[in-house]
file protein_39.cif (mmCIF, C-alpha atoms and all ligand atoms)
data_model
#
loop_
_atom_site.label_atom_id
_atom_site.label_comp_id
_atom_site.auth_asym_id
_atom_site.auth_seq_id
_atom_site.Cartn_x
_atom_site.Cartn_y
_atom_site.Cartn_z
CA SER A 20 -54.03 56.37 65.55
CA GLN A 21 -56.11 54.52 63.01
CA PRO A 22 -58.69 56.32 60.93
CA GLY A 23 -62.15 54.95 61.61
CA PRO A 24 -64.58 54.06 58.88
CA GLY A 25 -65.41 57.18 56.87
CA PRO A 26 -68.80 58.60 55.94
CA ALA A 27 -71.26 56.48 54.03
CA GLY A 28 -70.11 55.47 50.57
CA ALA A 29 -66.86 53.92 49.45
CA ALA A 30 -63.65 55.81 50.23
CA SER A 31 -62.61 58.14 47.42
CA ASP A 32 -59.16 57.83 45.84
CA ASP A 33 -58.16 60.96 47.69
CA GLU A 34 -59.20 59.52 51.05
CA ARG A 35 -57.43 56.27 50.19
CA ASP A 36 -54.25 58.25 49.47
CA HIS A 37 -54.24 60.13 52.76
CA MET A 38 -55.12 57.60 55.38
CA ILE A 39 -52.85 54.97 56.82
CA ARG A 40 -54.05 51.98 54.97
CA ARG A 41 -54.51 48.64 56.64
CA ALA A 42 -53.79 45.45 54.74
CA LEU A 43 -54.67 41.94 55.81
CA VAL A 44 -52.62 39.16 54.26
CA THR A 45 -53.78 35.54 54.57
CA GLY A 46 -50.94 33.08 54.14
CA CYS A 47 -48.52 35.84 55.17
CA ASN A 48 -45.82 33.35 56.14
CA GLY A 49 -45.80 31.65 52.75
CA GLN A 50 -43.43 32.51 49.94
CA MET A 51 -45.47 35.22 48.24
CA GLY A 52 -46.96 36.44 51.54
CA SER A 53 -43.53 37.27 52.88
CA TYR A 54 -42.58 39.38 49.82
CA LEU A 55 -45.96 41.08 49.87
CA CYS A 56 -45.73 41.99 53.58
CA GLU A 57 -42.31 43.55 52.95
CA LEU A 58 -43.71 45.53 50.02
CA LEU A 59 -46.76 46.75 51.96
CA LEU A 60 -44.67 47.79 54.97
CA ALA A 61 -42.32 49.72 52.66
CA LYS A 62 -45.36 51.54 51.29
CA GLY A 63 -46.43 52.54 54.80
CA TYR A 64 -49.34 50.17 55.33
CA ASN A 65 -50.28 48.78 58.70
CA VAL A 66 -49.91 45.09 57.89
CA TYR A 67 -51.91 42.34 59.58
CA GLY A 68 -50.93 38.78 58.81
CA LEU A 69 -53.17 35.78 59.31
CA VAL A 70 -51.45 32.68 60.63
CA ARG A 71 -52.93 29.34 61.54
CA ARG A 72 -52.98 28.35 65.18
CA THR A 73 -50.01 26.08 65.78
CA SER A 74 -47.70 25.71 68.73
CA THR A 75 -44.72 26.91 66.69
CA PRO A 76 -45.75 29.03 63.72
CA ASN A 77 -43.36 28.80 60.79
CA LEU A 78 -42.20 32.40 60.47
CA TRP A 79 -38.70 32.11 58.95
CA ARG A 80 -39.76 33.87 55.73
CA LEU A 81 -41.00 36.87 57.73
CA GLN A 82 -37.69 37.46 59.54
CA ALA A 83 -37.25 40.88 57.94
CA CYS A 84 -40.67 42.21 58.83
CA VAL A 85 -42.47 40.26 61.54
CA ALA A 86 -41.56 42.83 64.20
CA LYS A 87 -43.26 45.57 62.18
CA MET A 88 -46.55 43.78 61.55
CA THR A 89 -49.38 42.32 63.59
CA LEU A 90 -50.05 38.60 63.48
CA LEU A 91 -53.62 37.40 63.96
CA GLU A 92 -54.59 33.77 64.43
CA ALA A 93 -57.25 32.48 62.09
CA ASP A 94 -57.96 29.57 59.79
CA VAL A 95 -59.75 29.69 56.45
CA LEU A 96 -61.63 26.56 57.55
CA ASP A 97 -63.08 28.42 60.55
CA GLU A 98 -65.44 31.24 59.68
CA ALA A 99 -65.67 32.56 63.26
CA SER A 100 -61.89 33.06 63.37
CA LEU A 101 -62.01 34.98 60.08
CA ARG A 102 -64.79 37.22 61.39
CA LYS A 103 -62.80 37.99 64.52
CA ALA A 104 -59.71 38.90 62.49
CA MET A 105 -61.70 41.06 60.10
CA ILE A 106 -63.36 42.98 62.95
CA THR A 107 -60.00 43.44 64.68
CA CYS A 108 -58.32 45.17 61.75
CA HIS A 109 -61.05 46.43 59.38
CA PRO A 110 -58.71 46.20 56.41
CA HIS A 111 -58.77 48.43 53.35
CA GLU A 112 -57.09 45.70 51.35
CA VAL A 113 -57.22 41.95 51.82
CA TYR A 114 -54.72 39.71 50.02
CA HIS A 115 -55.96 36.15 50.01
CA LEU A 116 -52.95 33.90 49.58
CA ALA A 117 -53.66 31.11 52.11
CA SER A 118 -54.16 27.79 50.44
CA GLN A 119 -53.16 24.15 50.21
CA SER A 120 -50.89 25.07 47.34
CA HIS A 121 -49.18 21.86 46.28
CA VAL A 122 -50.60 20.30 43.10
CA GLY A 123 -49.06 16.86 43.71
CA LEU A 124 -50.42 16.69 47.27
CA SER A 125 -53.87 17.71 46.08
CA PHE A 126 -54.30 14.31 44.39
CA THR A 127 -54.12 12.54 47.76
CA GLU A 128 -55.70 15.35 49.81
CA ALA A 129 -58.42 16.31 47.36
CA GLU A 130 -61.22 17.00 49.83
CA TYR A 131 -59.03 19.09 52.12
CA THR A 132 -57.70 21.03 49.11
CA VAL A 133 -61.23 21.91 47.96
CA GLN A 134 -62.15 22.90 51.53
CA ALA A 135 -59.09 25.07 52.17
CA THR A 136 -58.25 26.43 48.74
CA GLY A 137 -61.72 26.61 47.19
CA LEU A 138 -64.30 27.04 49.95
CA GLY A 139 -61.77 28.89 52.13
CA ALA A 140 -61.81 31.72 49.59
CA ALA A 141 -65.61 31.80 49.51
CA ARG A 142 -65.65 31.94 53.33
CA LEU A 143 -63.20 34.82 53.29
CA PHE A 144 -65.14 36.82 50.67
CA GLU A 145 -68.36 36.37 52.66
CA THR A 146 -66.60 37.49 55.83
CA VAL A 147 -65.34 40.64 54.12
CA ARG A 148 -68.84 41.36 52.79
CA ARG A 149 -70.43 40.97 56.22
CA CYS A 150 -67.78 42.28 58.59
CA THR A 151 -66.15 45.30 56.95
CA PRO A 152 -68.01 48.62 56.89
CA LEU A 153 -69.32 49.42 53.42
CA SER A 154 -67.72 52.85 53.74
CA LEU A 155 -64.28 51.27 53.82
CA GLY A 156 -64.67 49.90 50.28
CA THR A 157 -62.44 46.94 51.17
CA ARG A 158 -60.66 45.50 48.16
CA ILE A 159 -59.70 41.85 47.87
CA TYR A 160 -56.94 40.15 45.91
CA GLN A 161 -57.58 36.51 45.07
CA ALA A 162 -54.48 34.47 44.27
CA SER A 163 -55.68 32.58 41.21
CA SER A 164 -53.38 30.16 39.43
CA SER A 165 -52.20 29.12 35.98
CA GLU A 166 -53.02 25.57 37.11
CA GLN A 167 -56.66 26.53 36.45
CA PHE A 168 -55.98 26.42 32.70
CA GLY A 169 -55.27 22.70 32.78
CA VAL A 170 -54.27 20.85 29.63
CA ASN A 171 -54.70 23.12 26.65
CA ASP A 172 -53.21 23.33 23.19
CA GLN A 173 -52.82 27.10 22.99
CA ALA A 174 -49.39 28.67 22.46
CA TRP A 175 -50.03 30.89 25.46
CA GLN A 176 -52.72 31.58 28.05
CA ASP A 177 -54.28 34.92 28.92
CA GLU A 178 -57.34 36.19 30.83
CA GLN A 179 -59.68 34.90 28.08
CA THR A 180 -58.28 31.38 27.77
CA PRO A 181 -60.82 28.68 28.72
CA MET A 182 -60.06 26.99 32.03
CA ARG A 183 -60.22 23.20 32.17
CA PRO A 184 -58.18 22.17 35.21
CA VAL A 185 -56.91 18.62 35.58
CA SER A 186 -55.93 18.48 39.27
CA PRO A 187 -57.89 18.82 42.52
CA TYR A 188 -55.77 21.92 43.21
CA GLY A 189 -56.79 23.35 39.82
CA PHE A 190 -60.48 22.59 40.53
CA ALA A 191 -60.25 24.25 43.95
CA LYS A 192 -58.53 27.37 42.59
CA LEU A 193 -61.10 27.62 39.80
CA LEU A 194 -63.89 27.37 42.38
CA ALA A 195 -62.32 30.25 44.33
CA HIS A 196 -61.87 32.22 41.09
CA GLN A 197 -65.55 31.76 40.23
CA PHE A 198 -66.60 32.81 43.73
CA ALA A 199 -64.45 35.92 43.22
CA HIS A 200 -66.43 36.70 40.07
CA LEU A 201 -69.69 36.07 41.91
CA TYR A 202 -68.81 38.48 44.72
CA ARG A 203 -67.61 41.01 42.14
CA GLU A 204 -70.68 40.81 39.93
CA SER A 205 -73.49 39.99 42.36
CA TYR A 206 -72.46 41.92 45.47
CA GLY A 207 -70.27 44.64 43.99
CA VAL A 208 -67.29 43.63 46.12
CA PHE A 209 -63.92 44.71 44.65
CA VAL A 210 -62.27 41.33 44.09
CA ALA A 211 -59.32 41.28 41.70
CA CYS A 212 -57.92 37.93 40.55
CA GLY A 213 -54.22 37.59 39.81
CA ILE A 214 -53.74 34.52 37.61
CA ALA A 215 -50.14 33.92 38.58
CA PHE A 216 -47.93 31.49 36.70
CA ASN A 217 -45.34 29.51 38.68
CA HIS A 218 -43.54 31.91 40.97
CA GLU A 219 -40.34 30.99 42.70
CA SER A 220 -37.57 32.35 44.90
CA PRO A 221 -35.16 31.18 47.58
CA ARG A 222 -38.22 31.20 49.88
CA ARG A 223 -40.10 28.62 47.78
CA GLY A 224 -41.28 25.55 49.70
CA GLU A 225 -38.94 22.62 49.29
CA ASP A 226 -41.50 20.27 47.78
CA PHE A 227 -41.90 22.45 44.67
CA VAL A 228 -39.66 21.34 41.86
CA THR A 229 -37.43 24.43 41.51
CA ARG A 230 -36.50 24.59 45.19
CA LYS A 231 -36.19 20.82 45.40
CA ILE A 232 -33.64 21.05 42.58
CA THR A 233 -31.57 23.91 44.04
CA LYS A 234 -31.70 22.61 47.62
CA THR A 235 -30.70 19.10 46.59
CA LEU A 236 -27.92 20.24 44.25
CA ALA A 237 -26.52 22.36 47.10
CA ALA A 238 -26.65 19.31 49.37
CA ILE A 239 -24.81 17.31 46.67
CA VAL A 240 -22.11 19.96 46.30
CA THR A 241 -21.51 19.96 50.06
CA GLY A 242 -21.51 16.19 50.38
CA GLN A 243 -24.84 15.91 52.15
CA ALA A 244 -26.72 14.09 49.36
CA THR A 245 -25.86 12.01 46.35
CA THR A 246 -28.86 12.03 44.05
CA LEU A 247 -31.58 14.33 42.73
CA THR A 248 -34.81 12.40 42.25
CA LEU A 249 -37.43 13.97 40.01
CA GLY A 250 -40.59 13.00 38.13
CA ASN A 251 -41.70 14.57 34.85
CA LEU A 252 -38.69 16.36 33.36
CA ALA A 253 -40.48 17.39 30.17
CA ALA A 254 -43.15 19.59 31.80
CA GLN A 255 -42.74 23.20 30.69
CA ARG A 256 -43.60 26.06 33.01
CA ASP A 257 -43.59 29.84 32.87
CA TRP A 258 -41.44 30.69 35.89
CA LEU A 259 -41.16 34.16 37.38
CA HIS A 260 -39.99 35.65 40.69
CA ALA A 261 -42.49 35.67 43.58
CA LYS A 262 -41.64 39.29 44.39
CA ASP A 263 -42.83 40.31 40.91
CA VAL A 264 -46.17 38.62 41.54
CA ALA A 265 -46.41 40.41 44.90
CA GLN A 266 -45.91 43.70 43.08
CA GLY A 267 -48.65 42.76 40.59
CA ALA A 268 -51.02 41.86 43.42
CA TRP A 269 -50.61 45.29 44.96
CA GLN A 270 -51.02 47.03 41.59
CA SER A 271 -54.19 45.09 40.83
CA LEU A 272 -55.81 46.55 43.95
CA GLN A 273 -54.84 50.10 42.94
CA ALA A 274 -56.56 49.69 39.55
CA PRO A 275 -59.85 51.54 38.98
CA ALA A 276 -61.90 48.34 38.75
CA PRO A 277 -61.66 44.73 39.93
CA GLU A 278 -60.46 42.58 37.05
CA ASP A 279 -58.54 39.43 36.20
CA TRP A 280 -54.82 39.82 35.54
CA VAL A 281 -52.32 37.31 34.22
CA PHE A 282 -48.89 37.63 35.83
CA ALA A 283 -46.35 35.70 33.78
CA SER A 284 -42.91 36.05 32.21
CA GLY A 285 -44.04 35.03 28.73
CA GLU A 286 -41.24 32.42 28.53
CA THR A 287 -41.52 28.74 29.10
CA HIS A 288 -38.77 26.31 30.16
CA SER A 289 -38.80 22.59 30.93
CA VAL A 290 -38.09 21.13 34.35
CA GLU A 291 -35.00 19.54 32.81
CA GLU A 292 -33.81 22.91 31.56
CA PHE A 293 -34.22 24.41 35.04
CA ALA A 294 -32.24 21.50 36.50
CA GLN A 295 -29.52 21.82 33.81
CA ARG A 296 -29.04 25.53 34.44
CA ALA A 297 -29.00 25.14 38.21
CA ALA A 298 -26.54 22.24 37.97
CA ARG A 299 -24.26 24.19 35.64
CA HIS A 300 -24.28 27.08 38.08
CA ALA A 301 -23.51 24.77 41.01
CA GLY A 302 -20.78 22.97 39.06
CA VAL A 303 -22.52 19.59 39.14
CA ALA A 304 -22.73 17.22 36.15
CA LEU A 305 -26.49 16.66 36.18
CA ALA A 306 -26.40 13.33 34.37
CA THR A 307 -24.29 11.82 37.17
CA VAL A 308 -26.79 12.62 39.94
CA LEU A 309 -30.25 12.71 38.32
CA LEU A 310 -32.74 9.89 38.85
CA GLN A 311 -36.26 9.80 37.46
CA GLU A 312 -38.72 7.95 39.66
CA ALA A 313 -42.34 6.98 39.20
CA HIS A 314 -43.33 8.07 42.70
CA CYS A 315 -42.57 11.68 41.72
CA LEU A 316 -44.98 11.54 38.77
CA ARG A 317 -48.54 12.85 39.02
CA PRO A 318 -51.64 11.02 37.75
CA VAL A 319 -52.09 13.89 35.27
CA ASP A 320 -49.66 16.73 34.61
CA ILE A 321 -50.08 19.85 32.50
CA PRO A 322 -47.45 19.48 29.74
CA ARG A 323 -46.93 23.16 29.02
CA LEU A 324 -47.88 26.57 30.42
CA CYS A 325 -46.84 29.93 29.01
CA GLY A 326 -48.56 33.13 30.07
CA ASN A 327 -49.38 36.24 28.11
CA ALA A 328 -49.31 39.20 30.54
CA THR A 329 -49.95 41.86 27.90
CA LYS A 330 -52.97 43.19 29.79
CA ALA A 331 -51.05 43.71 33.05
CA ARG A 332 -48.09 45.17 31.17
CA THR A 333 -50.11 47.68 29.19
CA THR A 334 -52.83 48.56 31.72
CA LEU A 335 -51.03 48.36 35.06
CA GLY A 336 -47.52 49.06 33.78
CA TRP A 337 -46.48 45.82 35.49
CA GLN A 338 -43.51 43.83 34.30
CA PRO A 339 -41.34 41.03 35.62
CA THR A 340 -37.97 42.30 36.83
CA VAL A 341 -36.08 39.01 37.23
CA ALA A 342 -35.21 36.95 34.15
CA PHE A 343 -35.21 33.14 34.18
CA ASP A 344 -31.41 32.84 34.39
CA GLU A 345 -31.20 35.31 37.26
CA LEU A 346 -33.97 33.49 39.11
CA VAL A 347 -32.17 30.14 38.82
CA LYS A 348 -28.92 31.78 39.91
CA GLU A 349 -30.50 33.56 42.91
CA MET A 350 -32.08 30.32 44.13
CA MET A 351 -28.95 28.25 43.54
CA ASP A 352 -26.69 30.79 45.25
CA ALA A 353 -28.98 31.03 48.28
CA ASP A 354 -29.10 27.26 48.72
CA LEU A 355 -25.36 26.91 48.22
CA ALA A 356 -24.71 29.58 50.85
CA GLU A 357 -27.10 27.91 53.25
CA ALA A 358 -25.68 24.43 52.70
CA ARG A 359 -22.12 25.70 53.10
CA SER A 360 -22.99 27.46 56.32
CA ARG A 361 -24.14 24.10 57.66
CA ARG A 362 -21.24 22.07 56.30
CA PRO A 363 -18.32 23.87 54.62
CA VAL A 364 -16.79 22.14 51.61
CA PRO A 365 -13.57 20.52 52.88
CA SER A 366 -11.14 20.83 49.97
CA GLU A 367 -12.34 21.54 46.43
CA GLY A 368 -14.13 24.81 47.20
CA PRO A 369 -17.02 26.34 45.29
CA GLY A 370 -18.22 24.39 42.30
CA SER A 371 -17.04 21.01 43.50
CA ALA A 372 -18.57 18.85 40.82
CA ASN A 373 -18.39 15.43 42.40
CA PRO A 374 -21.04 14.19 44.75
CA VAL A 375 -19.52 12.68 47.85
CA PRO A 376 -20.37 8.96 47.92
CA GLY A 377 -22.53 7.90 50.81
CA GLY A 378 -23.74 11.42 51.72
CA GLY A 379 -26.23 11.24 54.54
CA LEU A 380 -29.37 13.17 53.72
CA SER A 381 -31.94 12.16 51.14
CA ALA A 382 -33.07 14.58 48.48
CA ASP A 383 -36.13 15.49 50.49
CA VAL A 384 -34.79 17.79 53.14
CA PRO A 385 -36.96 19.42 55.81
CA GLU A 386 -38.79 22.72 55.30
CA GLY A 387 -36.99 25.99 56.01
CA PRO A 388 -33.39 26.94 56.55
CA ALA A 389 -31.80 25.36 59.55
P1 LIG B 401 -46.86 23.27 39.92
O1 LIG B 401 -46.68 23.62 38.46
O2 LIG B 401 -47.66 24.26 40.66
O3 LIG B 401 -47.36 21.88 40.11
O4 LIG B 401 -45.40 23.39 40.58
P2 LIG B 401 -44.32 22.27 40.97
O5 LIG B 401 -43.05 22.98 41.21
O6 LIG B 401 -44.81 21.39 42.08
O7 LIG B 401 -44.20 21.37 39.65
C1 LIG B 401 -43.80 21.91 38.42
C2 LIG B 401 -43.60 20.79 37.42
O8 LIG B 401 -42.49 20.01 37.81
C3 LIG B 401 -44.79 19.82 37.30
O9 LIG B 401 -44.99 19.52 35.95
C4 LIG B 401 -44.28 18.57 38.03
O10 LIG B 401 -44.87 17.36 37.57
C5 LIG B 401 -42.81 18.63 37.65
N1 LIG B 401 -41.96 17.83 38.53
C6 LIG B 401 -41.04 16.90 38.11
N2 LIG B 401 -40.46 16.33 39.17
C7 LIG B 401 -41.00 16.89 40.28
C8 LIG B 401 -40.79 16.70 41.69
O11 LIG B 401 -39.98 15.89 42.12
N3 LIG B 401 -41.53 17.49 42.54
C9 LIG B 401 -42.42 18.41 42.07
N4 LIG B 401 -43.11 19.16 42.94
N5 LIG B 401 -42.66 18.59 40.75
C10 LIG B 401 -41.95 17.85 39.87
#
call {"tool": "encode", "arguments": {"input": "protein_39.cif", "output": "structure tokens"}}
result
Amino acid sequence: SQPGPGPAGAASDDERDHMIRRALVTGCNGQMGSYLCELLLAKGYNVYGLVRRTSTPNLWRLQACVAKMTLLEADVLDEASLRKAMITCHPHEVYHLASQSHVGLSFTEAEYTVQATGLGAARLFETVRRCTPLSLGTRIYQASSSEQFGVNDQAWQDEQTPMRPVSPYGFAKLLAHQFAHLYRESYGVFVACGIAFNHESPRRGEDFVTRKITKTLAAIVTGQATTLTLGNLAAQRDWLHAKDVAQGAWQSLQAPAPEDWVFASGETHSVEEFAQRAARHAGVALATVLLQEAHCLRPVDIPRLCGNATKARTTLGWQPTVAFDELVKEMMDADLAEARSRRPVPSEGPGSANPVPGGGLSADVPEGPA
């Protein structure tokens, strides 16, 4: 049975250690949400996941854990639905990951992005403030983003770096980040912000560049596509594994105080470098399949991001566990295995370097494994 709200006053560390803790994860069926739900279940939490009302919710990333958690329907655009979810589970920890998370899309869906990603966070914080008993001392994780830094000329970015975003997504995430500070400072709500740099995995959505690259190269190897069409190849990003960010999110809510935390690898690599490494691993000659097209370019793009996670490393003891090369390899291997399971390579076997002329599918393949 669930412990009810305790006596007046926030739960002590001791109480927090001994009760079955309840965690609510918004965006639980996204990339990071799925790793986080697995981590929380392994730690013995009762996990509640918020999903949007749709006729067929997209739950493929939760395969390993959906049976062990409780799904609640709610939408960050709908305050009443958030209130209902919050009252249903009275969470000790809330991980706010739900968002319109695609930077490119945010240029054409700017208003929706600000509503969902920016104001959605404010709506959630207010719901926690109003609907969870004070005695529970509910802690919130806000998924902030390196996109908030925008174009800057610093060698690396940390918690003190000025934020001047250049995309509607960056504006919306900064708005949410500032609301997090407001709730922290004005209302005393425990809201930690994890400023995560680009985090990837085989569960990454297919319209993000890393997954687009590995998925398309796998389709090329298996004769299902012929070209890889990209935009800005020179952009440099600090890429780390999504499961490492999930670990950081959890650690940031176990810290004594709500703070901002950069989660980054400290290395930066260009899009071209990612594509080169993935292609080498798949046995494809990149130059023979790569096309650069204007429609994949953004009106403005951050040229370079490189995070400095010294604070999280030294204070939380957090560190990334998957190096860049391993990340590329894990993603490439997963997409190759998936593509081969759909259409085995007829003769040349693994590493077939030549794209099959006239392959059917375009580079933009549908979301989720078949
Ligand atoms: P973001 O850093 O959160 O925007 O993550 P993305 O994976 O969407 O993009 C990372 C970088 O890859 C950005 O600089 C994009 O401009 C660049 N890029 C180059 N070609 C593409 C493409 O075809 N799709 C996407 N999504 N990004 C691309």
call {"tool": "closest_residue", "arguments": {"input": "protein_39.cif", "among": "A:Glu166, A:Asp172, A:Glu112, A:Asp177", "to": "ligand LIG 401 (chain B)", "atoms": "all atoms listed in the file"}}
result
A:Glu166
call {"tool": "residues_around", "arguments": {"input": "protein_39.cif", "residues": "Met88 in chain A", "least_positions_apart": "4", "cutoff": "7 Å", "atoms": "all atoms listed in the file", "output": "compact mmCIF listing (two decimals) with C-alpha atoms, in the coordinates of the input"}}
result
# COMPACT_ATOMS: atom_id res chain seq x y z
CA ASN A 65 -50.28 48.78 58.70
CA VAL A 66 -49.91 45.09 57.89
CA TYR A 67 -51.91 42.34 59.58
CA CYS A 84 -40.67 42.21 58.83
call {"tool": "residues_around", "arguments": {"input": "protein_39.cif", "residues": "range 51-53 of chain A", "least_positions_apart": "3", "cutoff": "12 Å", "atoms": "only C-alpha atoms", "output": "count of residues only"}}
result
55
call {"tool": "residues_around", "arguments": {"input": "protein_39.cif", "residues": "Ile321 in chain A", "least_positions_apart": "4", "cutoff": "8 Å", "atoms": "all atoms listed in the file", "output": "PyMOL selection string"}}
result
chain A and resi 166+169-170+185+254
call {"tool": "residues_near_ligand", "arguments": {"input": "protein_39.cif", "ligand": "ligand LIG 401 (chain B)", "cutoff": "8 Å", "atoms": "all atoms listed in the file", "output": "mmCIF file with C-alpha atoms, in the coordinates of the input"}}
result
data_model
loop_
_atom_site.group_PDB
_atom_site.id
_atom_site.type_symbol
_atom_site.label_atom_id
_atom_site.label_comp_id
_atom_site.auth_asym_id
_atom_site.auth_seq_id
_atom_site.Cartn_x
_atom_site.Cartn_y
_atom_site.Cartn_z
ATOM 1 C CA SER A 120 -50.890 25.070 47.340
ATOM 2 C CA HIS A 121 -49.180 21.860 46.280
ATOM 3 C CA VAL A 122 -50.600 20.300 43.100
ATOM 4 C CA GLY A 123 -49.060 16.860 43.710
ATOM 5 C CA GLU A 166 -53.020 25.570 37.110
ATOM 6 C CA ASN A 217 -45.340 29.510 38.680
ATOM 7 C CA ASP A 226 -41.500 20.270 47.780
ATOM 8 C CA PHE A 227 -41.900 22.450 44.670
ATOM 9 C CA VAL A 228 -39.660 21.340 41.860
ATOM 10 C CA THR A 229 -37.430 24.430 41.510
ATOM 11 C CA ARG A 230 -36.500 24.590 45.190
ATOM 12 C CA LYS A 231 -36.190 20.820 45.400
ATOM 13 C CA THR A 248 -34.810 12.400 42.250
ATOM 14 C CA LEU A 249 -37.430 13.970 40.010
ATOM 15 C CA GLY A 250 -40.590 13.000 38.130
ATOM 16 C CA ASN A 251 -41.700 14.570 34.850
ATOM 17 C CA LEU A 252 -38.690 16.360 33.360
ATOM 18 C CA ALA A 253 -40.480 17.390 30.170
ATOM 19 C CA ALA A 254 -43.150 19.590 31.800
ATOM 20 C CA GLN A 255 -42.740 23.200 30.690
ATOM 21 C CA ARG A 256 -43.600 26.060 33.010
ATOM 22 C CA VAL A 290 -38.090 21.130 34.350
ATOM 23 C CA GLN A 311 -36.260 9.800 37.460
ATOM 24 C CA CYS A 315 -42.570 11.680 41.720
ATOM 25 C CA LEU A 316 -44.980 11.540 38.770
ATOM 26 C CA ARG A 317 -48.540 12.850 39.020
ATOM 27 C CA ASP A 320 -49.660 16.730 34.610
ATOM 28 C CA ILE A 321 -50.080 19.850 32.500
ATOM 29 C CA PRO A 322 -47.450 19.480 29.740
#
call {"tool": "closest_residue", "arguments": {"input": "protein_39.cif", "among": "A:Ala306, A:Leu138, A:Ala342, A:Cys212", "to": "Trp280 in chain A", "atoms": "all atoms listed in the file"}}
result
A:Cys212
call {"tool": "closest_residue", "arguments": {"input": "protein_39.cif", "among": "A:Pro277, A:Gly242, A:Pro184, A:Gly49", "to": "Glu204 in chain A", "atoms": "all atoms listed in the file"}}
result
A:Pro277
call {"tool": "atom_distance", "arguments": {"input": "protein_39.cif", "atom1": "CA of Thr157 in chain A", "atom2": "CA of Pro110 in chain A"}}
result
6.5 Å
call {"tool": "closest_residue", "arguments": {"input": "protein_39.cif", "among": "A:Tyr131, A:Tyr64, A:Tyr188, A:Phe198", "to": "Ala211 in chain A", "atoms": "all atoms listed in the file"}}
result
A:Phe198
call {"tool": "residues_near_point", "arguments": {"input": "protein_39.cif", "point": "(-60.2, 29.6, 45.1)", "cutoff": "12 Å", "atoms": "all atoms listed in the file", "output": "ChimeraX atom specification"}}
result
/A:95,115-120,132-144,160-164,166-167,187-201,210,212-214
call {"tool": "closest_residue", "arguments": {"input": "protein_39.cif", "among": "A:Arg299, A:Thr146, A:Phe216, A:Leu155", "to": "Ala104 in chain A", "atoms": "all atoms listed in the file"}}
result
A:Thr146
call {"tool": "closest_residue", "arguments": {"input": "protein_39.cif", "among": "A:Glu128, A:Gln270, A:Arg41, A:Lys62", "to": "Gly336 in chain A", "atoms": "only C-alpha atoms"}}
result
A:Gln270
call {"tool": "atom_distance", "arguments": {"input": "protein_39.cif", "atom1": "CA of Glu357 in chain A", "atom2": "CA of Pro76 in chain A"}}
result
21.4 Å
call {"tool": "atom_distance", "arguments": {"input": "protein_39.cif", "atom1": "CA of Leu96 in chain A", "atom2": "CA of Ile159 in chain A"}}
result
18.2 Å
